[in-house]
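For reference, entry_8.csv (CSV, C-alpha atoms):
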chain,number,residue,atom,x,y,z
F,1,MET,CA,143.3,80.6,216.8
F,2,ARG,CA,141.4,83.6,215.6
F,3,ASN,CA,143.9,84.3,212.8
F,4,THR,CA,143.8,80.6,211.8
F,5,PHE,CA,140.0,80.9,211.5
F,6,ARG,CA,140.2,84.0,209.4
F,7,LEU,CA,142.7,82.4,207.0
F,8,THR,CA,140.5,79.3,206.7
F,9,SER,CA,137.5,81.4,206.0
F,10,LEU,CA,139.3,83.5,203.4
F,11,SER,CA,140.6,80.3,201.7
F,12,LEU,CA,137.2,78.8,201.6
F,13,ALA,CA,135.6,82.0,200.2
F,14,THR,CA,138.3,82.2,197.5
F,15,SER,CA,137.8,78.6,196.5
F,16,LEU,CA,134.0,79.1,196.3
F,17,ALA,CA,134.5,82.2,194.2
F,18,PHE,CA,136.5,80.2,191.6
F,19,ALA,CA,134.1,77.3,191.7
F,20,LEU,CA,130.9,79.3,191.0
F,21,PRO,CA,130.0,79.6,187.3
F,22,SER,CA,129.9,82.9,185.6
F,23,PHE,CA,126.5,84.4,184.9
F,24,ALA,CA,127.7,87.3,182.8
F,25,ALA,CA,125.6,88.5,179.9
F,26,GLU,CA,126.4,87.6,176.3
F,27,THR,CA,129.4,89.4,174.8
F,28,ALA,CA,128.7,91.8,172.0
F,29,GLN,CA,129.9,89.4,169.4
F,30,ASP,CA,127.9,86.5,170.9
F,31,PHE,CA,124.8,88.7,170.8
F,32,VAL,CA,125.3,89.7,167.2
F,33,THR,CA,125.9,86.2,166.1
F,34,LYS,CA,122.8,84.8,167.9
F,35,ALA,CA,120.5,87.7,166.9
F,36,ALA,CA,121.6,87.6,163.3
F,37,ILE,CA,121.1,83.9,162.9
F,38,GLY,CA,117.7,84.1,164.6
F,39,GLY,CA,116.7,87.0,162.4
F,40,MET,CA,117.8,85.3,159.2
F,41,PHE,CA,115.9,82.2,160.2
F,42,GLU,CA,112.7,84.2,160.7
F,43,VAL,CA,113.0,85.7,157.2
F,44,GLN,CA,114.1,82.6,155.3
F,45,SER,CA,111.6,80.2,157.0
F,46,SER,CA,108.8,82.6,156.4
F,47,LYS,CA,109.6,82.9,152.7
F,48,VAL,CA,109.8,79.1,152.4
F,49,VAL,CA,106.3,78.5,153.8
F,50,GLN,CA,104.4,81.4,152.2
F,51,ASP,CA,102.8,79.1,149.6
F,52,LYS,CA,102.4,76.2,152.0
F,53,LEU,CA,100.4,77.8,154.7
F,54,GLN,CA,96.7,77.4,155.0
F,55,ASP,CA,95.6,79.6,157.9
F,56,GLN,CA,95.3,83.3,156.8
F,57,ALA,CA,96.5,84.5,160.2
F,58,LEU,CA,99.7,82.5,159.8
F,59,LYS,CA,100.1,83.8,156.2
F,60,ASP,CA,99.9,87.3,157.6
F,61,PHE,CA,102.3,86.5,160.4
F,62,ALA,CA,104.8,85.1,157.9
F,63,GLN,CA,104.7,88.2,155.8
F,64,LYS,CA,105.2,90.3,158.9
F,65,MET,CA,108.3,88.2,159.8
F,66,ILE,CA,109.8,88.9,156.4
F,67,SER,CA,109.1,92.7,156.8
F,68,ASP,CA,110.0,93.2,160.5
F,69,HIS,CA,112.9,90.9,160.8
F,70,GLY,CA,114.3,92.0,157.4
F,71,ALA,CA,114.4,95.6,158.7
F,72,ALA,CA,115.9,94.5,162.1
F,73,ASN,CA,118.5,92.4,160.4
F,74,ALA,CA,119.6,95.3,158.3
F,75,LYS,CA,119.8,97.6,161.3
F,76,LEU,CA,121.8,95.0,163.3
F,77,GLU,CA,124.2,94.6,160.4
F,78,SER,CA,124.8,98.3,160.3
F,79,ILE,CA,125.5,98.6,164.0
F,80,ALA,CA,127.7,95.6,164.0
F,81,SER,CA,129.8,97.1,161.1
F,82,GLU,CA,130.2,100.3,163.1
F,83,GLN,CA,131.3,98.4,166.1
F,84,LYS,CA,133.7,96.2,164.1
F,85,LEU,CA,131.8,93.0,164.9
F,86,GLN,CA,131.3,90.1,162.6
F,87,VAL,CA,127.8,89.2,161.2
F,88,PRO,CA,127.4,85.5,160.2
F,89,ALA,CA,126.5,85.1,156.5
F,90,ASP,CA,124.7,81.8,156.9
F,91,LEU,CA,122.5,79.9,159.4
F,92,ASP,CA,124.0,77.5,161.8
F,93,ALA,CA,123.5,73.7,161.5
F,94,SER,CA,120.4,73.6,163.8
F,95,HIS,CA,118.5,76.3,162.0
F,96,ASN,CA,119.5,74.9,158.6
F,97,SER,CA,118.0,71.6,159.7
F,98,ASP,CA,114.7,73.2,160.6
F,99,LEU,CA,114.7,75.1,157.4
F,100,ASP,CA,115.2,71.9,155.4
F,101,LYS,CA,112.3,70.3,157.2
F,102,LEU,CA,110.0,73.1,156.1
F,103,LYS,CA,111.3,72.9,152.5
F,104,SER,CA,110.7,69.2,152.3
F,105,ALA,CA,107.3,69.1,154.1
F,106,SER,CA,104.1,68.7,152.2
F,107,ALA,CA,101.5,71.5,152.6
F,108,PRO,CA,100.0,72.5,154.8
F,109,VAL,CA,102.9,73.3,157.1
F,110,ASP,CA,101.0,75.5,159.5
F,111,LYS,CA,101.7,73.4,162.6
F,112,PRO,CA,105.5,72.8,162.2
F,113,TYR,CA,106.0,76.4,161.2
F,114,ALA,CA,104.0,77.7,164.2
F,115,ASP,CA,105.9,75.4,166.5
F,116,MET,CA,109.3,76.6,165.2
F,117,GLN,CA,108.2,80.3,165.4
F,118,LYS,CA,107.0,79.9,168.9
F,119,ALA,CA,110.3,78.4,170.0
F,120,ALA,CA,112.4,80.9,168.0
F,121,HIS,CA,110.6,83.9,169.5
F,122,ALA,CA,110.8,82.6,173.1
F,123,ASP,CA,114.6,82.3,172.5
F,124,ALA,CA,114.8,85.8,170.9
F,125,VAL,CA,112.9,87.5,173.7
F,126,SER,CA,115.1,85.9,176.3
F,127,LEU,CA,118.3,86.9,174.4
F,128,PHE,CA,117.2,90.5,173.8
F,129,GLU,CA,115.9,91.0,177.3
F,130,ALA,CA,119.1,89.8,178.8
F,131,TYR,CA,121.3,91.9,176.6
F,132,ALA,CA,119.1,95.0,177.0
F,133,LYS,CA,119.7,94.7,180.8
F,134,ALA,CA,123.3,93.8,181.0
F,135,GLY,CA,124.9,94.0,177.6
F,136,ASP,CA,128.5,95.2,177.2
F,137,ASN,CA,128.0,97.5,174.2
F,138,VAL,CA,125.9,100.6,174.4
F,139,ALA,CA,124.8,100.7,170.8
F,140,LEU,CA,123.7,97.1,170.8
F,141,LYS,CA,122.0,97.5,174.2
F,142,SER,CA,119.9,100.3,172.6
F,143,PHE,CA,119.1,98.1,169.6
F,144,ALA,CA,118.0,95.3,171.9
F,145,SER,CA,115.8,97.6,173.9
F,146,GLU,CA,114.2,99.1,170.9
F,147,THR,CA,113.6,95.7,169.2
F,148,LEU,CA,112.3,93.9,172.2
F,149,PRO,CA,108.7,95.2,172.1
F,150,THR,CA,108.4,94.0,168.5
F,151,LEU,CA,109.7,90.6,169.4
F,152,LYS,CA,107.2,90.3,172.3
F,153,MET,CA,104.4,91.3,169.9
F,154,HIS,CA,105.6,88.5,167.5
F,155,ARG,CA,105.7,86.0,170.4
F,156,ASP,CA,102.1,86.9,171.4
F,157,MET,CA,100.9,86.7,167.8
F,158,ILE,CA,102.3,83.2,167.1
F,159,GLN,CA,101.0,81.9,170.5
F,160,ARG,CA,97.5,83.0,169.4
F,161,ALA,CA,97.9,81.6,165.9
F,162,GLU,CA,99.5,78.3,167.0
F,163,THR,CA,96.3,77.2,168.7
F,164,LYS,CA,94.5,77.4,165.4
F,165,ALA,CA,97.2,76.0,163.1
F,166,PRO,CA,96.1,72.8,161.3
F,167,ALA,CA,98.2,69.7,162.1
F,168,ASN,CA,100.5,68.4,159.5
F,169,GLU,CA,102.5,65.4,160.5
F,170,SER,CA,99.7,63.9,162.7
F,171,THR,CA,97.1,63.9,159.9
F,172,THR,CA,96.8,62.8,156.4
F,173,PRO,CA,98.6,65.3,154.1
F,174,ALA,CA,96.9,67.0,151.1
F,175,VAL,CA,96.9,64.7,148.1
F,176,SER,CA,97.6,61.6,150.1
F,177,THR,CA,99.3,58.8,148.2
F,178,SER,CA,99.1,56.3,151.0
F,179,GLY,CA,95.4,55.4,150.4
F,180,VAL,CA,94.8,55.8,154.1
F,181,ASN,CA,92.2,58.4,155.1
F,182,ASN,CA,92.1,60.5,158.2
F,183,PRO,CA,89.5,58.8,160.4
F,184,ALA,CA,87.9,62.2,161.0
F,185,ALA,CA,87.5,62.8,157.3
F,186,PRO,CA,86.1,64.8,155.7
F,187,VAL,CA,88.0,67.5,157.7
F,188,PRO,CA,86.7,71.1,157.4
F,189,GLY,CA,89.3,73.7,156.4
F,190,ALA,CA,90.3,76.1,153.7
F,191,ASN,CA,90.6,74.0,150.5
F,192,SER,CA,93.0,74.9,147.8
F,193,PHE,CA,91.9,72.2,145.4
F,194,THR,CA,90.3,73.4,142.1
F,195,GLU,CA,87.3,71.5,140.8
F,196,ASP,CA,89.5,69.7,138.2
F,197,GLN,CA,92.0,68.7,140.9
F,198,ALA,CA,89.2,67.5,143.2
F,199,LYS,CA,87.7,65.4,140.4
F,200,SER,CA,91.1,63.9,139.7
F,201,ALA,CA,91.7,63.1,143.4
F,202,ILE,CA,88.4,61.4,143.6
F,203,GLN,CA,89.1,59.3,140.5
F,204,LYS,CA,92.4,58.3,141.9
F,205,ALA,CA,90.6,57.0,144.9
F,206,GLY,CA,88.8,54.5,142.7
F,207,TYR,CA,85.7,56.4,141.7
F,208,THR,CA,84.3,57.0,138.2
F,209,ASP,CA,81.6,59.2,136.7
F,210,VAL,CA,82.4,62.0,139.1
F,211,SER,CA,79.9,64.8,138.7
F,212,ALA,CA,78.0,67.7,140.4
F,213,LEU,CA,81.1,68.8,142.4
F,214,LYS,CA,80.6,71.8,144.6
F,215,LYS,CA,82.7,73.1,147.4
F,216,ASP,CA,80.6,73.8,150.6
F,217,ASP,CA,81.1,76.5,153.2
F,218,LYS,CA,83.4,74.2,155.2
F,219,GLY,CA,85.8,73.9,152.3
F,220,ILE,CA,84.8,70.3,151.4
F,221,TRP,CA,84.2,69.3,147.8
F,222,ARG,CA,81.0,67.2,147.6
F,223,GLY,CA,79.5,65.5,144.6
F,224,THR,CA,78.4,62.2,143.1
F,225,ALA,CA,80.5,59.3,141.7
F,226,SER,CA,80.3,55.6,141.0
F,227,LYS,CA,82.2,52.8,142.6
F,228,ASP,CA,81.6,49.0,142.3
F,229,GLY,CA,78.7,49.7,140.0
F,230,LYS,CA,76.9,51.9,142.5
F,231,SER,CA,76.3,55.6,142.5
F,232,THR,CA,77.2,57.3,145.8
F,233,PRO,CA,77.8,60.7,147.3
F,234,VAL,CA,81.5,61.5,147.7
F,235,ALA,CA,83.5,64.1,149.6
F,236,LEU,CA,87.1,65.5,149.3
F,237,ASP,CA,88.6,67.6,152.1
F,238,TYR,CA,91.6,69.9,152.1
F,239,GLN,CA,93.9,67.1,153.3
F,240,GLY,CA,93.1,65.0,150.2
F,241,ASN,CA,90.9,62.5,152.0
F,242,VAL,CA,88.2,61.0,149.8
F,243,VAL,CA,85.2,59.4,151.5
F,244,ALA,CA,81.7,58.2,150.8
F,245,ASP,CA,79.7,61.2,151.8
F,246,THR,CA,77.1,60.6,154.5
F,247,GLN,CA,77.0,64.3,155.7
Output the file's structure in the form of structure tokens.
Amino acid sequence: MRNTFRLTSLSLATSLAFALPSFAAETAQDFVTKAAIGGMFEVQSSKVVQDKLQDQALKDFAQKMISDHGAANAKLESIASEQKLQVPADLDASHNSDLDKLKSASAPVDKPYADMQKAAHADAVSLFEAYAKAGDNVALKSFASETLPTLKMHRDMIQRAETKAPANESTTPAVSTSGVNNPAAPVPGANSFTEDQAKSAIQKAGYTDVSALKKDDKGIWRGTASKDGKSTPVALDYQGNVVADTQ
């Protein structure tokens, strides 16, 4: 009876062992692939948005991504070569899709860029933390440990910047062609319109005799124009919204 119980217990333990999933860390090749793709995306996405960002903190962040991840990518490639591991030459489908969204988006792209960077750095920190603790390659474990503090710094930077990033898809974009203004217009924000561009945008909104344009300390172009035979104050914000200016 006792032997039967032992055999049954052993059989049950064996079956459970085979049934449980494996929680092993990424293999060296998996780590290189994921880290390289993530690093390439950081650099490429940041280059794409450089001229589309409005917030200065995000512009500085993007430049830092190009510099820091460019250096990390080069170091990873060198280690991978020494370890006879393959480094992907291109992004995967998911990251390419995100990159295409940034390329096709109208400025400002602060919000979508910040959202992507927040998600990307959460993934990167998790990947590097796990490999630094339980990786199967000494050189790559060292690389993961050395790079992790920088990734955490990036994560904290983007979390702070994200709270200030201007929305893109939920508000009227700059130089709107729909004729529909943001209900909150005029919206304060860094305005990249020149005086000539501001005048042209106001004229396209149906105003004539645009004059006395001046950009105030909130980034809003204000002036005087005529519409329906009446002279009225007008305002143009950074999103391209043109409204009768009541201040």
Among listed residues F:Ala184, F:Leu91, F:Leu236, F:Leu76, nearest Glu146 in chain F (using only C-alpha atoms): F:Leu76
Closest of F:Ala190, F:Ala93, F:Val242, F:Leu58 to Asp110 in chain F - atom-to-atom distances counting only C-alpha atoms: F:Leu58
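If you measure from each of F:Ile202, F:Ala80, F:Ile37, F:Met65 to Ser94 in chain F using all atoms listed in the file, the closest one turns out to be F:Ile37.
Considering all atoms listed in the file, the residue among F:Ala62, F:Gln54, F:Asp30, F:Ala130 positioned nearest to Gly219 in chain F is F:Gln54.
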Nearest residue to Met153 in chain F from the set F:Ala132, F:Lys103, F:Thr194, F:Asp68 (distances using all atoms listed in the file):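 Counting all atoms listed in the file, the residue closest to Met153 in chain F is F:Asp68.
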Closest of F:Met40, F:Val210, F:Ala139, F:Ala122 to Lys152 in chain F - atom-to-atom distances counting all atoms listed in the file: F:Ala122
Between CA of Ile220 in chain F and CA of Ala185 in chain F - distance in Å to one decimal: 9.9 Å
Hey, what's within 9 Å of Glu195 in chain F if we count all atoms listed in the file and toss same-chain stuff fewer than 5 positions away? As a short mmCIF file (atom, residue, chain, number, x, y, z; two decimals) with C-alpha atoms, in the frame of the given file, please?
data_model
loop_
_atom_site.label_atom_id
_atom_site.label_comp_id
_atom_site.auth_asym_id
_atom_site.auth_seq_id
_atom_site.Cartn_x
_atom_site.Cartn_y
_atom_site.Cartn_z
CA SER F 200 91.10 63.90 139.70
CA LEU F 213 81.10 68.80 142.40
CA LYS F 214 80.60 71.80 144.60
CA LYS F 215 82.70 73.10 147.40
CA TRP F 221 84.20 69.30 147.80
#
Distance query 6 Å from (92.8, 71.0, 156.5) using only C-alpha atoms, result as a ChimeraX atom specification: /F:189,238-239
